[in-house]
$ cat entry14.txt   # compact mmCIF, C-alpha atoms and all ligand atoms
# COMPACT_ATOMS: atom_id res chain seq x y z
CA MET S 9 87.55 108.06 74.60
CA ARG S 10 91.00 106.91 75.63
CA ILE S 11 92.35 107.78 79.06
CA LEU S 12 95.92 107.41 80.24
CA HIS S 13 95.86 106.74 84.00
CA THR S 14 99.03 107.36 85.98
CA SER S 15 99.89 108.49 89.52
CA ASP S 16 102.64 108.89 92.10
CA TRP S 17 105.28 110.60 89.99
CA HIS S 18 106.90 111.90 93.19
CA LEU S 19 108.94 114.48 91.26
CA GLY S 20 111.97 115.41 93.35
CA ILE S 21 112.26 112.09 95.20
CA THR S 22 115.74 110.82 96.05
CA LEU S 23 117.03 107.29 96.53
CA ASN S 24 119.91 107.06 99.02
CA ASN S 25 120.53 110.78 98.39
CA MET S 26 120.59 110.39 94.61
CA SER S 27 118.01 112.42 92.70
CA LEU S 28 115.79 110.36 90.39
CA LEU S 29 114.84 113.42 88.34
CA GLU S 30 116.79 112.13 85.35
CA GLU S 31 114.68 108.93 85.41
CA GLN S 32 111.50 110.96 85.84
CA ARG S 33 112.44 113.08 82.82
CA CYS S 34 112.87 109.86 80.79
CA PHE S 35 109.47 108.65 81.93
CA LEU S 36 107.88 111.91 80.78
CA LYS S 37 109.45 111.56 77.33
CA LYS S 38 107.88 108.10 77.08
CA LEU S 39 104.59 109.51 78.29
CA TYR S 40 104.50 112.11 75.48
CA GLU S 41 105.18 109.34 72.95
CA LEU S 42 102.45 107.14 74.41
CA VAL S 43 99.94 110.00 74.28
CA ASP S 44 100.51 110.06 70.51
CA THR S 45 100.85 106.35 69.75
CA GLU S 46 97.96 105.31 72.01
CA LYS S 47 95.76 108.16 70.74
CA ILE S 48 95.09 109.40 74.27
CA ASP S 49 92.44 112.07 74.86
CA VAL S 50 92.75 112.67 78.60
CA ILE S 51 95.65 112.17 81.02
CA VAL S 52 94.65 111.39 84.60
CA ILE S 53 97.20 111.82 87.39
CA ALA S 54 95.78 110.38 90.62
CA GLY S 55 97.92 112.27 93.13
CA ASP S 56 101.48 112.61 94.45
CA VAL S 57 102.80 114.55 91.48
CA PHE S 58 105.50 115.87 93.81
CA ASP S 59 107.39 114.16 96.59
CA HIS S 60 107.26 117.17 98.91
CA ALA S 61 104.71 119.86 99.66
CA VAL S 62 107.47 122.42 99.01
CA SER S 63 109.29 121.09 95.96
CA SER S 64 112.73 121.85 94.61
CA ALA S 65 113.06 124.31 91.72
CA ASP S 66 114.16 121.44 89.45
CA ALA S 67 111.09 119.36 90.27
CA ILE S 68 108.77 122.32 89.63
CA ALA S 69 110.55 123.08 86.34
CA LEU S 70 110.01 119.49 85.18
CA TYR S 71 106.32 119.66 86.14
CA ASN S 72 105.90 122.94 84.23
CA GLU S 73 107.60 121.45 81.20
CA ALA S 74 105.36 118.35 81.31
CA MET S 75 102.09 120.25 81.67
CA THR S 76 103.03 122.65 78.84
CA MET S 77 103.90 119.73 76.58
CA LEU S 78 100.69 117.80 77.34
CA CYS S 79 98.22 120.70 77.41
CA ILE S 80 99.66 123.18 74.90
CA ASP S 81 101.80 121.18 72.45
CA GLN S 82 99.79 117.95 72.49
CA LYS S 83 96.50 119.75 73.20
CA LYS S 84 95.25 117.18 75.73
CA ARG S 85 93.30 117.59 78.91
CA VAL S 86 95.16 116.76 82.11
CA LEU S 87 93.20 115.99 85.28
CA ILE S 88 95.01 115.91 88.61
CA CYS S 89 93.86 115.26 92.16
CA ALA S 90 96.32 116.17 94.93
CA GLY S 91 97.88 113.32 96.90
CA ASN S 92 99.12 113.31 100.49
CA HIS S 93 102.62 114.32 99.36
CA ASP S 94 101.46 117.29 97.30
CA GLY S 95 101.10 120.79 98.66
CA ALA S 96 97.40 121.08 97.78
CA ALA S 97 97.25 124.88 97.74
CA ARG S 98 100.41 125.24 95.66
CA LEU S 99 99.39 122.54 93.21
CA SER S 100 95.99 124.14 92.60
CA SER S 101 97.14 127.76 92.39
CA CYS S 102 96.04 129.72 89.27
CA ASN S 103 93.35 127.09 88.78
CA ALA S 104 90.91 129.16 86.76
CA LEU S 105 93.67 130.29 84.45
CA LEU S 106 95.11 126.81 83.98
CA GLU S 107 91.72 125.30 83.25
CA ARG S 108 91.58 127.44 80.11
CA ALA S 109 94.71 125.62 78.98
CA GLY S 110 93.20 122.21 79.77
CA LEU S 111 94.86 121.56 83.14
CA TYR S 112 92.38 120.73 85.91
CA VAL S 113 93.71 120.37 89.46
CA ALA S 114 91.68 119.43 92.54
CA GLY S 115 93.74 120.54 95.53
CA SER S 116 91.47 120.32 98.55
CA VAL S 117 88.20 118.55 99.37
CA ARG S 118 87.08 121.86 100.92
CA ASP S 119 86.54 123.14 97.37
CA GLY S 120 84.16 120.24 96.71
CA VAL S 121 84.62 117.36 94.30
CA LYS S 122 85.41 118.93 90.95
CA ARG S 123 83.54 117.55 87.97
CA ILE S 124 84.91 117.75 84.43
CA ASN S 125 82.73 116.61 81.55
CA THR S 126 84.60 115.52 78.46
CA GLY S 127 82.68 113.85 75.64
CA ASP S 128 80.73 110.94 77.05
CA VAL S 129 82.59 110.83 80.38
CA ALA S 130 82.12 112.76 83.63
CA PHE S 131 85.32 112.83 85.69
CA HIS S 132 85.03 113.41 89.44
CA LEU S 133 88.26 114.68 91.01
CA LEU S 134 88.56 113.80 94.69
CA PRO S 135 91.84 114.94 96.31
CA TYR S 136 93.44 113.29 99.33
CA PHE S 137 91.85 114.47 102.59
CA SER S 138 92.16 114.01 106.34
CA ILE S 139 89.26 112.77 108.48
CA ASP S 140 89.22 116.13 110.28
CA GLU S 141 88.62 118.05 107.04
CA VAL S 142 85.56 115.91 106.30
CA ARG S 143 84.30 116.19 109.90
CA TYR S 144 84.58 119.97 109.58
CA LEU S 145 82.71 119.96 106.25
CA HIS S 146 79.97 117.62 107.52
CA PRO S 147 79.32 118.46 111.19
CA GLU S 148 75.94 116.73 110.89
CA GLU S 149 77.55 113.34 110.24
CA GLU S 150 79.14 111.13 112.86
CA ILE S 151 82.39 110.16 111.18
CA LYS S 152 84.28 107.46 113.06
CA SER S 153 86.81 106.29 110.51
CA TYR S 154 88.54 107.18 107.28
CA ASP S 155 86.23 104.75 105.53
CA GLY S 156 83.28 106.65 106.98
CA ALA S 157 84.73 109.96 105.81
CA MET S 158 85.19 108.60 102.28
CA ARG S 159 81.59 107.34 102.18
CA THR S 160 80.34 110.74 103.33
CA VAL S 161 82.27 112.54 100.59
CA ILE S 162 81.21 110.07 97.89
CA LYS S 163 77.56 110.39 98.94
CA GLY S 164 77.83 114.04 97.91
CA ILE S 165 78.93 113.22 94.37
CA GLU S 166 76.10 113.48 91.83
CA PRO S 167 76.66 110.91 89.11
CA ASP S 168 75.97 112.11 85.58
CA ARG S 169 73.18 109.90 84.25
CA GLU S 170 73.93 110.85 80.65
CA ARG S 171 77.59 109.92 80.80
CA SER S 172 79.96 107.29 82.15
CA ASN S 173 81.37 108.28 85.55
CA VAL S 174 85.06 108.07 86.42
CA LEU S 175 86.31 108.82 89.93
CA ILE S 176 89.90 109.99 90.42
CA ALA S 177 91.10 109.58 94.03
CA HIS S 178 94.12 109.04 96.25
CA CYS S 179 93.63 106.56 99.08
CA PHE S 180 94.41 103.09 100.45
CA VAL S 181 91.74 100.53 99.55
CA THR S 182 91.41 97.48 101.82
CA GLY S 183 92.95 94.41 100.23
CA ALA S 184 95.42 96.34 98.08
CA GLN S 185 99.08 95.41 98.30
CA PRO S 186 101.53 98.17 99.18
CA ALA S 187 105.12 98.34 97.88
CA GLU S 188 108.11 99.20 100.06
CA SER S 189 108.16 102.85 99.04
CA ASP S 190 104.57 103.35 100.25
CA ARG S 191 105.95 104.42 103.62
CA SER S 192 103.26 106.89 104.50
CA ALA S 193 100.47 104.64 103.23
CA MET S 194 101.33 101.87 105.63
CA VAL S 195 100.49 103.43 108.97
CA GLY S 196 98.44 100.81 110.73
CA GLY S 197 95.55 100.52 108.30
CA ALA S 198 93.67 103.38 109.96
CA ASN S 199 93.20 105.15 106.63
CA MET S 200 91.78 102.18 104.73
CA VAL S 201 88.66 102.39 102.64
CA GLY S 202 86.46 99.40 101.70
CA ALA S 203 86.26 98.83 97.93
CA ASP S 204 82.44 98.83 98.07
CA ALA S 205 82.56 102.57 98.90
CA PHE S 206 83.24 103.07 95.16
CA ALA S 207 80.23 101.16 93.86
CA GLY S 208 78.45 102.94 91.05
CA PHE S 209 81.46 104.35 89.17
CA ASP S 210 82.38 102.93 85.81
CA TYR S 211 86.06 103.25 86.61
CA VAL S 212 87.99 104.36 89.69
CA ALA S 213 91.47 105.70 88.86
CA LEU S 214 93.47 105.51 92.07
CA GLY S 215 96.81 106.72 93.27
CA HIS S 216 98.66 106.26 96.60
CA LEU S 217 100.04 102.73 96.35
CA HIS S 218 103.06 102.36 94.10
CA ARG S 219 102.33 98.84 92.85
CA ALA S 220 100.01 98.63 89.80
CA GLN S 221 97.00 96.50 90.71
CA GLU S 222 93.32 96.02 90.24
CA ILE S 223 90.77 95.59 93.01
CA GLY S 224 87.38 94.21 92.17
CA GLY S 225 86.20 94.85 88.65
CA ASN S 226 86.64 98.56 88.12
CA ILE S 227 89.07 99.95 90.70
CA ARG S 228 92.67 100.27 89.68
CA TYR S 229 95.97 101.64 90.95
CA SER S 230 98.23 102.61 88.05
CA GLY S 231 101.23 102.44 90.40
CA SER S 232 104.24 104.73 90.18
CA PRO S 233 105.98 104.93 86.79
CA VAL S 234 109.46 104.70 88.34
CA LYS S 235 110.96 102.33 90.96
CA PHE S 236 111.65 104.30 94.12
CA SER S 237 113.25 101.65 96.33
CA PHE S 238 115.45 98.57 96.04
CA ALA S 239 112.63 96.51 97.54
CA GLU S 240 110.73 97.33 94.31
CA ALA S 241 113.59 96.16 92.06
CA ASP S 242 111.54 93.23 90.71
CA ILE S 243 108.22 95.04 90.40
CA LYS S 244 107.22 96.07 86.87
CA LYS S 245 106.27 99.72 86.45
CA SER S 246 103.57 100.85 84.06
CA VAL S 247 100.83 103.23 83.07
CA THR S 248 97.26 102.16 82.35
CA VAL S 249 95.35 102.98 79.17
CA VAL S 250 91.58 102.84 79.56
CA ASP S 251 89.20 102.80 76.61
CA THR S 252 85.83 104.07 77.78
CA THR S 253 84.04 101.85 75.26
CA GLY S 254 83.42 98.99 77.68
CA PHE S 255 86.17 100.35 79.98
CA SER S 256 88.77 97.87 78.78
CA ARG S 257 92.22 98.33 80.34
CA GLN S 258 95.69 97.87 78.99
CA GLU S 259 98.78 97.98 81.16
CA ILE S 260 101.77 99.46 79.33
CA VAL S 261 104.99 98.39 81.02
CA LEU S 262 107.73 101.03 81.22
CA SER S 263 111.42 100.30 81.39
CA MET S 264 113.68 102.69 83.27
CA GLN S 265 116.55 104.35 81.43
CA HIS S 266 118.81 102.89 84.13
CA ASP S 267 117.21 100.00 85.97
CA LEU S 268 117.26 99.54 89.72
CA ARG S 269 118.86 96.22 90.68
CA VAL S 270 119.96 94.22 93.68
CA VAL S 271 123.07 92.07 93.06
CA LYS S 272 124.04 89.35 95.56
CA GLY S 273 127.09 87.10 95.60
CA ASN S 274 130.75 86.66 96.46
CA TYR S 275 133.05 89.61 95.83
CA SER S 276 135.08 87.88 93.10
CA GLU S 277 131.93 86.70 91.28
CA ILE S 278 130.51 90.21 91.37
CA LEU S 279 133.76 91.69 90.03
CA ASP S 280 133.87 89.11 87.21
CA ALA S 281 130.27 89.88 86.29
CA ALA S 282 130.95 93.64 86.47
CA GLU S 283 133.66 93.28 83.79
CA LYS S 284 131.11 91.95 81.31
CA ASP S 285 128.10 93.92 82.57
CA MET S 286 126.39 95.87 79.78
CA HIS S 287 124.30 97.85 82.28
CA ARG S 288 126.88 99.43 84.55
CA GLU S 289 124.90 102.68 84.65
CA ASP S 290 122.06 101.02 86.59
CA TYR S 291 121.18 102.00 90.16
CA LEU S 292 122.66 99.23 92.26
CA LYS S 293 122.48 97.70 95.67
CA ILE S 294 125.19 95.08 96.18
CA GLU S 295 125.04 92.46 98.91
CA LEU S 296 128.36 90.70 99.47
CA ARG S 297 128.32 87.22 100.97
CA ASP S 298 132.03 86.78 101.69
CA GLU S 299 133.46 90.25 102.17
CA TYR S 300 133.00 93.17 104.52
CA ALA S 301 131.73 96.45 103.16
CA HIS S 302 134.89 98.48 103.64
CA VAL S 303 136.01 101.55 101.74
CA GLU S 304 138.37 99.82 99.31
CA VAL S 305 135.65 97.37 98.29
CA LEU S 306 133.19 100.22 97.84
CA ASN S 307 135.66 102.21 95.71
CA THR S 308 136.50 99.22 93.52
CA LEU S 309 132.83 98.42 92.92
CA ARG S 310 132.04 102.10 92.28
CA SER S 311 134.70 102.18 89.57
CA TYR S 312 132.43 99.77 87.65
CA TYR S 313 129.09 101.00 88.93
CA PRO S 314 128.92 104.81 89.29
CA ARG S 315 125.34 104.53 90.58
CA LEU S 316 126.14 102.02 93.33
CA LEU S 317 123.91 103.43 96.05
CA SER S 318 124.02 100.74 98.72
CA LEU S 319 126.65 98.20 99.71
CA VAL S 320 125.89 95.55 102.30
CA GLY S 321 128.79 93.39 103.44
CA LYS S 322 129.13 90.11 105.28
CA GLN S 323 127.52 90.46 108.66
CA LEU S 324 129.57 90.45 111.83
CA ASN S 325 126.84 88.88 113.96
CA ASN S 326 128.22 85.40 114.17
CA VAL S 327 131.82 86.32 114.87
CA LYS S 328 132.83 85.20 118.34
CA THR S 329 135.80 86.84 119.91
CA SER S 330 138.49 84.73 121.51
CA LEU S 331 139.43 87.58 123.81
CA SER S 332 138.25 87.48 127.42
CA MET S 333 138.14 90.55 129.66
CA GLU S 334 140.96 89.14 131.82
CA LYS S 335 143.18 88.51 128.81
CA ALA S 336 142.44 91.95 127.34
CA ALA S 337 143.58 93.60 130.58
CA SER S 338 146.98 91.94 130.28
CA LEU S 339 147.59 92.89 126.62
CA HIS S 340 148.99 96.04 125.02
CA PRO S 341 146.30 98.04 123.12
CA GLU S 342 148.15 97.49 119.82
CA ASP S 343 147.93 93.72 120.32
CA ILE S 344 144.21 94.01 121.04
CA LEU S 345 143.73 95.97 117.80
CA THR S 346 145.70 93.35 115.85
CA MET S 347 143.58 90.52 117.27
CA PHE S 348 140.39 92.46 116.59
CA CYS S 349 141.31 93.08 112.95
CA GLN S 350 142.38 89.47 112.42
CA GLU S 351 139.14 88.11 113.82
CA TYR S 352 136.86 90.51 111.98
CA THR S 353 138.60 90.96 108.62
CA GLY S 354 141.09 88.08 108.53
CA GLU S 355 144.00 90.53 108.18
CA LYS S 356 146.35 92.42 110.45
CA PRO S 357 146.00 96.21 110.47
CA ASN S 358 148.33 97.79 107.88
CA ALA S 359 151.01 100.38 108.71
CA THR S 360 148.71 103.34 108.00
CA GLN S 361 145.91 102.00 110.20
CA MET S 362 148.38 101.25 112.98
CA GLY S 363 149.75 104.79 112.64
CA TRP S 364 146.25 106.27 113.12
CA PHE S 365 145.68 104.01 116.09
CA ARG S 366 148.95 105.08 117.75
CA LYS S 367 148.10 108.74 117.28
CA ALA S 368 144.63 108.22 118.78
CA LEU S 369 146.10 106.25 121.63
CA GLU S 370 148.70 108.92 122.35
CA PHE S 371 146.00 111.58 122.32
CA GLU S 372 143.83 109.49 124.65
CA GLN S 373 146.72 108.86 127.06
CA LYS S 374 147.53 112.56 127.20
CA GLY S 375 143.93 113.07 128.32
CA GLY S 376 143.10 115.12 125.20
CA ASP S 377 139.60 116.54 125.08
CA ALA S 378 137.21 115.10 122.56
CA GLN S 379 136.10 117.45 119.78
MN MN A 1 102.67 108.11 96.62
$ encode --input "entry14.txt" --output "structure tokens"
Amino acid sequence: MRILHTSDWHLGITLNNMSLLEEQRCFLKKLYELVDTEKIDVIVIAGDVFDHAVSSADAIALYNEAMTMLCIDQKKRVLICAGNHDGAARLSSCNALLERAGLYVAGSVRDGVKRINTGDVAFHLLPYFSIDEVRYLHPEEEIKSYDGAMRTVIKGIEPDRERSNVLIAHCFVTGAQPAESDRSAMVGGANMVGADAFAGFDYVALGHLHRAQEIGGNIRYSGSPVKFSFAEADIKKSVTVVDTTGFSRQEIVLSMQHDLRVVKGNYSEILDAAEKDMHREDYLKIELRDEYAHVEVLNTLRSYYPRLLSLVGKQLNNVKTSLSMEKAASLHPEDILTMFCQEYTGEKPNATQMGWFRKALEFEQKGGDAQ
């Protein structure tokens, strides 16, 4: 049997207020193709299908479209465990009905660990949980840590002796490397689970961390299929194809329709490069070495790069002012503004800026009330 392991779609996520739904739609198109070309039998999504517990209508529409394509048109089974970002109850609504179409969703650990037998594999679907949920379910156990809670839940899973056993879960395993967009996964390490808690499974398909990686011999994070932050600009995104004959793994690298890039350099160099740039539609963060990030610079760069989402200019930290308090007291405010602009931008304020300043000054001197 061939399994496609993915996780952390985060449908509905934004990057600097720009929706990434268009990228997520492109990923899904590639996913449908891969299901055919890689002869996939089962698609495993190890949590964080959505970015928010209450998702936008657009994100839900894309999810509906994807599940219909995979389950009805491509006639595959899709197994999902809820992640910490998913609204568990919403995600698992109409469960019994959806299972008839081949979509299996484990929303809450309170419903037990769902087992799905397909061919020679038993899949165990373990959704994200809080320590308190497990304490409530197992009052007889003394649960001191998240690791302890995980071990308690796993103890309750009956492995199928006749089949291979695959666990699908959403958690932070000790030793795994988070990416920048794993904000909620990085809280102090309190929710970490030791890899040995998963001994006995033939394969552990994990979600939660957005960087694809393998821990030990049989535990793997597929990582997110899309880059969600500029700190992940150089991280390759992929899905994992697992063949249950010997549980061999293949990482299939995905390119984004528009890549996410960080560009650093002097303003003139960046403008020269922009002229020849074949990928102006990419999501960009630009870091200028020799220029401040003012509006004109932003507008000029945006005229080349419509998806310029972050502009960082030369830092002001090392600028020392030549103006002492005593000297400032003896100068006219307009002279102070002129000195300030010269020191910080190298130029005098233009007529428009000086006009605004005079108006503000007049207002201030009249004792106008702030709005
Ligand atoms: Mn996630």
$ residues_near_ligand --input "entry14.txt" --ligand "ligand MN 1 (chain A)" --cutoff "9 Å" --atoms "all atoms listed in the file" --output "PyMOL selection string"
chain S and resi 15-18+55-59+91-93+178+189-193+215-218+231-232
$ axis_aligned_box --input "entry14.txt" --around "region 222-227 of chain S" --padding-each-side "4 Å" --output "lines of an AutoDock Vina configuration file"
center_x = 89.8
center_y = 97.1
center_z = 90.6
size_x = 15.1
size_y = 13.7
size_z = 12.9
$ atom_distance --input "entry14.txt" --atom1 "CA of Leu319 (chain S)" --atom2 "CA of Arg33 (chain S)"
26.6 Å
$ residues_around --input "entry14.txt" --residues "region 284-293 of chain S" --least-positions-apart "6" --cutoff "9 Å" --atoms "all atoms listed in the file" --output "ChimeraX atom specification"
/S:238,265-272,312-320
$ residues_around --input "entry14.txt" --residues "region 143-157 of chain S" --least-positions-apart "5" --cutoff "9 Å" --atoms "all atoms listed in the file" --output "ChimeraX atom specification"
/S:117-118,138,162,198-202,205
$ closest_residue --input "entry14.txt" --among "S:Thr248, S:Ser27, S:Lys163, S:Glu46" --to "Ala67 (chain S)" --atoms "only C-alpha atoms"
S:Ser27
$ atom_distance --input "entry14.txt" --atom1 "CA of Arg366 (chain S)" --atom2 "CA of Thr353 (chain S)"
19.7 Å
$ atom_distance --input "entry14.txt" --atom1 "CA of Met158 (chain S)" --atom2 "CA of Ile139 (chain S)"
8.5 Å
$ residues_around --input "entry14.txt" --residues "Val43 (chain S)" --least-positions-apart "6" --cutoff "10 Å" --atoms "only C-alpha atoms" --output "PyMOL selection string"
chain S and resi 10-12+49-51+78+82+84+249
